[in-house]
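*Asks:* Could you have a look at this structure, given as structure tokens, before my questions?
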Amino acid sequence: MEEIQKVIEKGPFTASMASLKNYKVPKWYEDGKFGIFIHWGPYCVPAFGSEWYPRFMYQPGTKEFEHHIKTYGPHKDFGYKDFIPMFTAEQFDPKDWAQLFKEAGARFVVPVAEHHDGFQMYKSDLSRWNAAEMGPKRDILGELGQAVREEGMILGASSHRAEHYWFMDGVHKIDSDYTEDLEDFYGPAAPAPEDHSSVTLCPPTADHLDDWLLRTCEIVDKYRPQIVWFDWWINHLSFRPYLEKFAAYYYNRCAEWNIGGAINYKYTAYDEGCAVFDVERGQLSNGRTMLWQNDTSVSKNSWGYIEGHDYKKPVDIVCDLVDIVSKNGALLLNIGPKADGTIPEEERNIMREIGRWLKANGEAIYGTRPWKIFGEGPTQIPEGAFTDTNRDKFTEKDIRYTAKGQTLYAIVMGRPEGGTVRLTEVRPEDGYRIATLLEGERLKAKPSEEGLLVTMPETFTYEEYPFVIRLNKGRAGFDDKDE
């Protein structure tokens, strides 16, 4: 703790929200827009239910509890710890992963460093329960981080250590494999609050809070991640002074190393402007002045690998990416590798399809900034977390806008009727007069009472994916020569 305090005292940030409001989002993040999230750990061995298997397997009445007894026997004889030797990762190829993520168009990669289960996916000096000493016996975060950086992408890391305080409380409710020798893995296993979103129930002890801070700072010092992602339970009021200490420590380290770093938080854990706001499995209905992020998964029913995924369609993910970017957001898209280290082929295909679209249309995504309005059209996006599977499909009348310098991009979310795109929000006074497709073909464009009318060429091939019209600024207004 003394070393942490020394870094904080060096500045330029102090451990207060007032000081942290001087934080600036790094340009690489504002430009990057798209990243890959990775949930991978011993919970992918049973491949059942979700990455919350280690909790629910000890909870009578759950499908995971029944599945565990049926498949592995009584909990006393086979507990969660016994999955670790089966978590072999023998096919884990960090270079292959990194190349795939780059092919997907990702600009940053955020592996889970430690999930709720308490198993660290990196070489730790604070706990023996880590991937370098058990299971794979490899420094997963370190190896992948090196490969990611060699491909020119930014490395991040997520910590879910906060939730571990109560995550394994079921080991005390049944005749389980828990012993005092496992306290350093299953513990503290405090009684969980009935309302996990509560910011006052089940307050963590000072020991847990200190441990949380030490572990998170260890990740920073060993791997220098440029994103540190936190899950929701840091919203508990007990964490607030520790969040201030961590942010001051992290931002000061980033200043010392001359790298741009960012902290992701949910709900109200940090004050506005102190870090990057993150929405889990959901979006915003309107734009936001400061960069924000949506984290979601390729699967509708799990973050970690399971048998029986309900996968999203690549086109729907692309449409969400476009909507998010138009509202000054970034998309962090999760995948879940198998226990042997292979990435499911379905997930590889999803990433490749996204990458194919970005390779052709990335000019309208990367490095852009919000326009005066994010878009137009009838489809309403519900605001808030856990809404990603509860929304209407985008239509040909839904347009999303992004801007870069003197160029405006109109991203059309569906095939227009009659081959005419109506940009009702683009007016002559905006000064955009030359319309082309990203392929470079000149389009007919003229103003009307309905806004700017753009006529698509008869030879244009429509896909199910969005297409992009580029509008360049010229002299104000339009005339017949522009048709």
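To be explicit about the labels: the chains of the structure tokens are called A, B, and onward in the order shown, and within each one the residues are counted from 1, while ligands get numbers from 1 in the order they are shown.
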Write out as a VMD selection string all residues of stretch 37-218 of chain A that DSSP puts in strand (DSSP E or B) for this structure's backbone.
*Replies:* chain A and resid 37 to 38 108 to 114 120 130 154 to 155 157 to 159
*Asks:* I need the residues from that last selection saved to file as a tab-separated table (two decimals), in the first residue's frame (with C-alpha atoms), if you can.
*Replies:*
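The resulting file, out04.tsv, is shown below:
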chain	number	residue	atom	x	y	z
A	37	PHE	CA	-13.64	-8.68	-25.08
A	38	ILE	CA	-12.64	-12.22	-23.99
A	108	PHE	CA	-8.25	-2.84	-28.89
A	109	VAL	CA	-8.51	-6.17	-27.04
A	110	VAL	CA	-9.66	-6.64	-23.44
A	111	PRO	CA	-9.12	-10.13	-21.96
A	112	VAL	CA	-10.67	-10.93	-18.58
A	113	ALA	CA	-7.76	-10.89	-16.14
A	114	GLU	CA	-9.84	-12.22	-13.25
A	120	GLN	CA	-6.39	-15.11	-12.28
A	130	ASN	CA	-3.59	-18.33	-11.32
A	154	ILE	CA	-4.20	-1.76	-27.80
A	155	LEU	CA	-4.23	-4.14	-24.81
A	157	ALA	CA	-7.72	-6.00	-19.08
A	158	SER	CA	-10.85	-6.50	-17.03
A	159	SER	CA	-11.14	-7.16	-13.29
*Asks:* For A:Arg356, find every residue with an atom within 9 Å (counting only C-alpha atoms), except residues of its own chain fewer than 3 positions away, and show them as a PyMOL selection string.
*Replies:* chain A and resi 103-105+351-353+359-361
*Asks:* Return the single residue from A:Ile69, A:Ile381, A:Leu453, A:Ala445 that is closest to A:Leu423, with distances computed using only C-alpha atoms.
*Replies:* A:Leu453
*Asks:* Would you mind listing what lies within 8 Å of A:Trp303 as a VMD selection string, with only C-alpha atoms counted and same-chain residues fewer than 2 positions away left out?
*Replies:* chain A and resid 39 50 to 51 297 299 301 305 334 to 336
*Asks:* Okay, now the selection with all heavy atoms, as a PDB file, in the first residue's frame?
*Replies:*
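Listing of out.pdb after writing:
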ATOM      1  N   HIS A  39     -13.981 -13.568 -22.462  1.00  0.00           N
ATOM      2  CA  HIS A  39     -14.279 -14.276 -21.218  1.00  0.00           C
ATOM      3  C   HIS A  39     -13.756 -15.702 -21.348  1.00  0.00           C
ATOM      4  O   HIS A  39     -14.284 -16.495 -22.120  1.00  0.00           O
ATOM      5  CB  HIS A  39     -15.791 -14.280 -20.949  1.00  0.00           C
ATOM      6  CG  HIS A  39     -16.281 -13.046 -20.272  1.00  0.00           C
ATOM      7  ND1 HIS A  39     -16.253 -11.817 -20.867  1.00  0.00           N
ATOM      8  CD2 HIS A  39     -16.820 -12.859 -19.024  1.00  0.00           C
ATOM      9  CE1 HIS A  39     -16.762 -10.912 -20.033  1.00  0.00           C
ATOM     10  NE2 HIS A  39     -17.098 -11.513 -18.907  1.00  0.00           N
ATOM     11  N   SER A  50     -23.700 -20.682 -18.112  1.00  0.00           N
ATOM     12  CA  SER A  50     -23.003 -19.437 -18.392  1.00  0.00           C
ATOM     13  C   SER A  50     -21.714 -19.395 -17.585  1.00  0.00           C
ATOM     14  O   SER A  50     -21.380 -20.363 -16.882  1.00  0.00           O
ATOM     15  CB  SER A  50     -23.879 -18.223 -18.026  1.00  0.00           C
ATOM     16  OG  SER A  50     -23.948 -18.067 -16.614  1.00  0.00           O
ATOM     17  N   GLU A  51     -21.024 -18.275 -17.667  1.00  0.00           N
ATOM     18  CA  GLU A  51     -19.799 -18.092 -16.891  1.00  0.00           C
ATOM     19  C   GLU A  51     -20.074 -17.970 -15.390  1.00  0.00           C
ATOM     20  O   GLU A  51     -19.139 -17.956 -14.585  1.00  0.00           O
ATOM     21  CB  GLU A  51     -19.021 -16.866 -17.402  1.00  0.00           C
ATOM     22  CG  GLU A  51     -19.650 -15.526 -17.090  1.00  0.00           C
ATOM     23  CD  GLU A  51     -20.908 -15.229 -17.911  1.00  0.00           C
ATOM     24  OE1 GLU A  51     -21.153 -15.944 -18.916  1.00  0.00           O
ATOM     25  OE2 GLU A  51     -21.634 -14.291 -17.546  1.00  0.00           O
ATOM     26  N   SER A 297     -22.008  -9.332 -26.039  1.00  0.00           N
ATOM     27  CA  SER A 297     -21.406 -10.587 -26.468  1.00  0.00           C
ATOM     28  C   SER A 297     -21.970 -11.037 -27.812  1.00  0.00           C
ATOM     29  O   SER A 297     -23.076 -10.648 -28.203  1.00  0.00           O
ATOM     30  CB  SER A 297     -21.662 -11.676 -25.417  1.00  0.00           C
ATOM     31  OG  SER A 297     -21.050 -12.897 -25.777  1.00  0.00           O
ATOM     32  N   SER A 299     -22.949 -13.871 -28.155  1.00  0.00           N
ATOM     33  CA  SER A 299     -23.995 -14.800 -27.725  1.00  0.00           C
ATOM     34  C   SER A 299     -25.048 -14.061 -26.909  1.00  0.00           C
ATOM     35  O   SER A 299     -24.727 -13.175 -26.121  1.00  0.00           O
ATOM     36  CB  SER A 299     -23.375 -15.918 -26.873  1.00  0.00           C
ATOM     37  OG  SER A 299     -24.376 -16.691 -26.241  1.00  0.00           O
ATOM     38  N   ASN A 301     -26.920 -15.622 -24.667  1.00  0.00           N
ATOM     39  CA  ASN A 301     -27.187 -16.299 -23.403  1.00  0.00           C
ATOM     40  C   ASN A 301     -25.958 -16.586 -22.554  1.00  0.00           C
ATOM     41  O   ASN A 301     -26.088 -17.166 -21.473  1.00  0.00           O
ATOM     42  CB  ASN A 301     -27.947 -17.608 -23.643  1.00  0.00           C
ATOM     43  CG  ASN A 301     -27.281 -18.510 -24.680  1.00  0.00           C
ATOM     44  OD1 ASN A 301     -26.492 -18.059 -25.501  1.00  0.00           O
ATOM     45  ND2 ASN A 301     -27.600 -19.790 -24.643  1.00  0.00           N
ATOM     46  N   TYR A 305     -17.752 -19.651 -22.872  1.00  0.00           N
ATOM     47  CA  TYR A 305     -18.140 -20.727 -23.777  1.00  0.00           C
ATOM     48  C   TYR A 305     -19.118 -21.689 -23.095  1.00  0.00           C
ATOM     49  O   TYR A 305     -18.911 -22.120 -21.959  1.00  0.00           O
ATOM     50  CB  TYR A 305     -16.920 -21.521 -24.243  1.00  0.00           C
ATOM     51  CG  TYR A 305     -17.318 -22.729 -25.064  1.00  0.00           C
ATOM     52  CD1 TYR A 305     -17.813 -22.571 -26.353  1.00  0.00           C
ATOM     53  CD2 TYR A 305     -17.259 -24.008 -24.522  1.00  0.00           C
ATOM     54  CE1 TYR A 305     -18.219 -23.664 -27.106  1.00  0.00           C
ATOM     55  CE2 TYR A 305     -17.664 -25.118 -25.268  1.00  0.00           C
ATOM     56  CZ  TYR A 305     -18.142 -24.934 -26.548  1.00  0.00           C
ATOM     57  OH  TYR A 305     -18.563 -26.018 -27.275  1.00  0.00           O
ATOM     58  N   ASN A 334     -17.715  -9.271 -27.060  1.00  0.00           N
ATOM     59  CA  ASN A 334     -17.143 -10.409 -26.357  1.00  0.00           C
ATOM     60  C   ASN A 334     -17.230 -11.714 -27.144  1.00  0.00           C
ATOM     61  O   ASN A 334     -18.208 -11.994 -27.835  1.00  0.00           O
ATOM     62  CB  ASN A 334     -17.870 -10.608 -25.027  1.00  0.00           C
ATOM     63  CG  ASN A 334     -17.363 -11.818 -24.273  1.00  0.00           C
ATOM     64  OD1 ASN A 334     -16.290 -11.787 -23.682  1.00  0.00           O
ATOM     65  ND2 ASN A 334     -18.117 -12.904 -24.297  1.00  0.00           N
ATOM     66  N   ILE A 335     -16.168 -12.526 -26.981  1.00  0.00           N
ATOM     67  CA  ILE A 335     -16.162 -13.904 -27.442  1.00  0.00           C
ATOM     68  C   ILE A 335     -15.789 -14.801 -26.261  1.00  0.00           C
ATOM     69  O   ILE A 335     -15.274 -14.325 -25.247  1.00  0.00           O
ATOM     70  CB  ILE A 335     -15.169 -14.126 -28.598  1.00  0.00           C
ATOM     71  CG1 ILE A 335     -13.741 -13.843 -28.129  1.00  0.00           C
ATOM     72  CG2 ILE A 335     -15.545 -13.266 -29.797  1.00  0.00           C
ATOM     73  CD1 ILE A 335     -12.679 -14.444 -29.003  1.00  0.00           C
ATOM     74  N   GLY A 336     -16.011 -16.126 -26.404  1.00  0.00           N
ATOM     75  CA  GLY A 336     -15.698 -17.064 -25.335  1.00  0.00           C
ATOM     76  C   GLY A 336     -15.010 -18.309 -25.854  1.00  0.00           C
ATOM     77  O   GLY A 336     -15.676 -19.213 -26.373  1.00  0.00           O
TER      78      GLY A 336
END
*Asks:* Got a sec: who's within 12 Å of stretch 195-197 of chain A, counting only C-alpha atoms, leaving out chain neighbours fewer than 5 positions off, as a list of chain:residue names?
*Replies:* A:Ala162, A:Glu163, A:Tyr165, A:Trp166, A:Phe167, A:Cys202, A:Pro203, A:Asp231, A:Trp232, A:Trp233, A:Ile234, A:Asn235, A:His236, A:Leu237, A:Lys266, A:Tyr267, A:Thr268, A:Ala269
*Asks:* For atom CA of A:Asp139 and atom CA of A:Thr216, quote the distance in Å rounded to one decimal.
*Replies:*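 Separation between atom CA of A:Asp139 and atom CA of A:Thr216: 16.3 Å.
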*Asks:* From the list A:Val426, A:Ala190, A:Ala248, A:Val148, which residue is nearest A:Ser16 when using only C-alpha atoms?
*Replies:* A:Ala248
*Asks:* With distances taken over only C-alpha atoms, which of A:Val468, A:Phe34, A:Gly260, A:Ser238 is nearest to A:Leu209?
*Replies:*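 Counting only C-alpha atoms, the residue closest to A:Leu209 is A:Ser238.
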*Asks:* Name the residues in contact with A:Ala330 at a cut-off of 7 Å, using only C-alpha atoms, excluding same-chain residues fewer than 2 positions from it; report them as an mmCIF file with N, CA, C and O atoms, in the first residue's frame.
*Replies:*
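In the end it all went to selection12.cif:
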data_model
loop_
_atom_site.group_PDB
_atom_site.id
_atom_site.type_symbol
_atom_site.label_atom_id
_atom_site.label_comp_id
_atom_site.auth_asym_id
_atom_site.auth_seq_id
_atom_site.Cartn_x
_atom_site.Cartn_y
_atom_site.Cartn_z
ATOM 1 N N LYS A 33 -12.974 2.863 -31.786
ATOM 2 C CA LYS A 33 -14.392 2.500 -31.916
ATOM 3 C C LYS A 33 -14.767 1.042 -31.649
ATOM 4 O O LYS A 33 -15.868 0.771 -31.189
ATOM 5 N N PHE A 34 -13.870 0.092 -31.923
ATOM 6 C CA PHE A 34 -14.272 -1.312 -31.881
ATOM 7 C C PHE A 34 -13.180 -2.165 -31.240
ATOM 8 O O PHE A 34 -12.011 -2.099 -31.622
ATOM 9 N N TRP A 292 -18.406 6.979 -24.733
ATOM 10 C CA TRP A 292 -18.958 5.939 -23.877
ATOM 11 C C TRP A 292 -18.766 4.605 -24.599
ATOM 12 O O TRP A 292 -18.293 4.549 -25.724
ATOM 13 N N GLN A 293 -19.141 3.545 -23.951
ATOM 14 C CA GLN A 293 -18.924 2.216 -24.528
ATOM 15 C C GLN A 293 -20.075 1.274 -24.222
ATOM 16 O O GLN A 293 -20.682 1.347 -23.160
ATOM 17 N N ASN A 294 -20.370 0.431 -25.187
ATOM 18 C CA ASN A 294 -21.304 -0.677 -25.005
ATOM 19 C C ASN A 294 -20.506 -1.970 -25.003
ATOM 20 O O ASN A 294 -19.743 -2.237 -25.926
ATOM 21 N N ILE A 324 -24.007 2.812 -32.330
ATOM 22 C CA ILE A 324 -23.189 3.201 -31.180
ATOM 23 C C ILE A 324 -22.197 4.291 -31.563
ATOM 24 O O ILE A 324 -22.060 5.305 -30.868
ATOM 25 N N VAL A 325 -21.495 4.105 -32.679
ATOM 26 C CA VAL A 325 -20.496 5.078 -33.108
ATOM 27 C C VAL A 325 -21.148 6.423 -33.433
ATOM 28 O O VAL A 325 -20.596 7.486 -33.121
ATOM 29 N N LEU A 332 -17.444 -2.884 -27.484
ATOM 30 C CA LEU A 332 -16.547 -3.930 -26.995
ATOM 31 C C LEU A 332 -17.306 -5.241 -27.093
ATOM 32 O O LEU A 332 -18.236 -5.496 -26.326
#
*Asks:* Write out as a list in words the residues lying within 10 Å of A:Met1, counting only C-alpha atoms and excluding same-chain residues fewer than 3 positions away.
*Replies:*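 Once the nearby chain positions are removed, what remains is Ile4, Gln5, Lys6, Asp210, Leu213, Leu214 and Cys217 of chain A.
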*Asks:* Using only C-alpha atoms, which protein or nucleic acid residues come within 9 Å of A:Ser285? Drop anything in the same chain fewer than 6 positions from it, and give the result as a list in words.
*Replies:*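 Once the adjacent positions are removed, what remains is Lys327, Gln380, Ile381, Pro382, Glu383 and Gly384 of chain A.
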*Asks:* Could you take the residues named above and write them with all heavy atoms, as a tab-separated table (two decimals), in the first residue's frame?
*Replies:*
chain	number	residue	atom	x	y	z
A	327	LYS	N	-23.44	7.76	-31.97
A	327	LYS	CA	-23.78	8.41	-30.69
A	327	LYS	C	-22.54	8.63	-29.82
A	327	LYS	O	-22.64	8.76	-28.61
A	327	LYS	CB	-24.82	7.55	-29.96
A	327	LYS	CG	-26.13	7.45	-30.72
A	327	LYS	CD	-27.07	6.42	-30.11
A	327	LYS	CE	-28.37	6.31	-30.90
A	327	LYS	NZ	-29.25	5.23	-30.41
A	380	GLN	N	-36.66	2.99	-32.69
A	380	GLN	CA	-36.27	3.53	-31.40
A	380	GLN	C	-35.40	2.52	-30.65
A	380	GLN	O	-35.75	1.35	-30.54
A	380	GLN	CB	-37.51	3.86	-30.56
A	380	GLN	CG	-38.43	4.89	-31.18
A	380	GLN	CD	-37.75	6.24	-31.30
A	380	GLN	OE1	-37.16	6.75	-30.36
A	380	GLN	NE2	-37.85	6.83	-32.50
A	381	ILE	N	-34.28	2.98	-30.14
A	381	ILE	CA	-33.37	2.14	-29.37
A	381	ILE	C	-33.64	2.35	-27.89
A	381	ILE	O	-33.48	3.46	-27.38
A	381	ILE	CB	-31.90	2.47	-29.69
A	381	ILE	CG1	-31.61	2.25	-31.17
A	381	ILE	CG2	-30.96	1.63	-28.84
A	381	ILE	CD1	-31.80	0.83	-31.64
A	382	PRO	N	-34.06	1.32	-27.17
A	382	PRO	CA	-34.28	1.48	-25.73
A	382	PRO	C	-32.97	1.77	-25.02
A	382	PRO	O	-31.92	1.21	-25.35
A	382	PRO	CB	-34.86	0.13	-25.31
A	382	PRO	CG	-34.40	-0.84	-26.34
A	382	PRO	CD	-34.31	-0.07	-27.62
A	383	GLU	N	-33.02	2.65	-24.05
A	383	GLU	CA	-31.81	3.05	-23.34
A	383	GLU	C	-31.58	2.18	-22.12
A	383	GLU	O	-32.52	1.79	-21.43
A	383	GLU	CB	-31.90	4.52	-22.92
A	383	GLU	CG	-30.69	5.00	-22.15
A	383	GLU	CD	-30.34	6.44	-22.46
A	383	GLU	OE1	-30.81	6.99	-23.47
A	383	GLU	OE2	-29.57	7.01	-21.68
A	384	GLY	N	-30.31	1.89	-21.85
A	384	GLY	CA	-29.97	1.18	-20.63
A	384	GLY	C	-29.43	-0.21	-20.86
A	384	GLY	O	-29.37	-0.71	-21.99
*Asks:* Restricting the calculation to only C-alpha atoms, which member of A:Ile434, A:Leu243, A:Val228, A:Leu141 is positioned closest to A:Trp212?
*Replies:* A:Leu243
*Asks:* What's the separation between atom CA of A:Gln406 and atom CA of A:Pro428, in Å to one decimal place?
*Replies:*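 Pair atom CA of A:Gln406 / atom CA of A:Pro428 returns 14.6 Å.
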*Asks:* Tell me which of A:Lys70, A:Lys338, A:Lys10, A:Lys123 sits closest to A:Pro42, counting only C-alpha atoms.
*Replies:*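 Looking at the shortest contact to A:Pro42, the residue is A:Lys338.
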*Asks:* Hey, what does DSSP flag as helix (DSSP H, G or I) within stretch 372-467 of chain A? Can you give it to me as number ranges by chain?
*Replies:* A: 417-419, 428-430
*Asks:* Just to be explicit: take each residue in the selection above, keep N, CA and C atoms, and write the result as a short mmCIF file (atom, residue, chain, number, x, y, z; two decimals), in the first residue's frame.
*Replies:*
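Contents of result-v4.cif, as written:
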data_model
loop_
_atom_site.label_atom_id
_atom_site.label_comp_id
_atom_site.auth_asym_id
_atom_site.auth_seq_id
_atom_site.Cartn_x
_atom_site.Cartn_y
_atom_site.Cartn_z
N GLU A 417 -36.38 2.08 -50.69
CA GLU A 417 -37.43 1.85 -51.69
C GLU A 417 -37.17 2.72 -52.92
N GLY A 418 -37.26 2.12 -54.08
CA GLY A 418 -37.11 2.88 -55.31
C GLY A 418 -35.71 3.39 -55.57
N GLY A 419 -34.75 2.97 -54.78
CA GLY A 419 -33.37 3.37 -55.01
C GLY A 419 -33.05 4.80 -54.62
N PRO A 428 -29.47 22.32 -47.23
CA PRO A 428 -28.52 23.07 -48.05
C PRO A 428 -27.54 23.90 -47.23
N GLU A 429 -28.03 24.47 -46.13
CA GLU A 429 -27.15 25.32 -45.33
C GLU A 429 -26.01 24.55 -44.67
N ASP A 430 -26.12 23.21 -44.66
CA ASP A 430 -25.02 22.41 -44.11
C ASP A 430 -23.81 22.39 -45.03
#
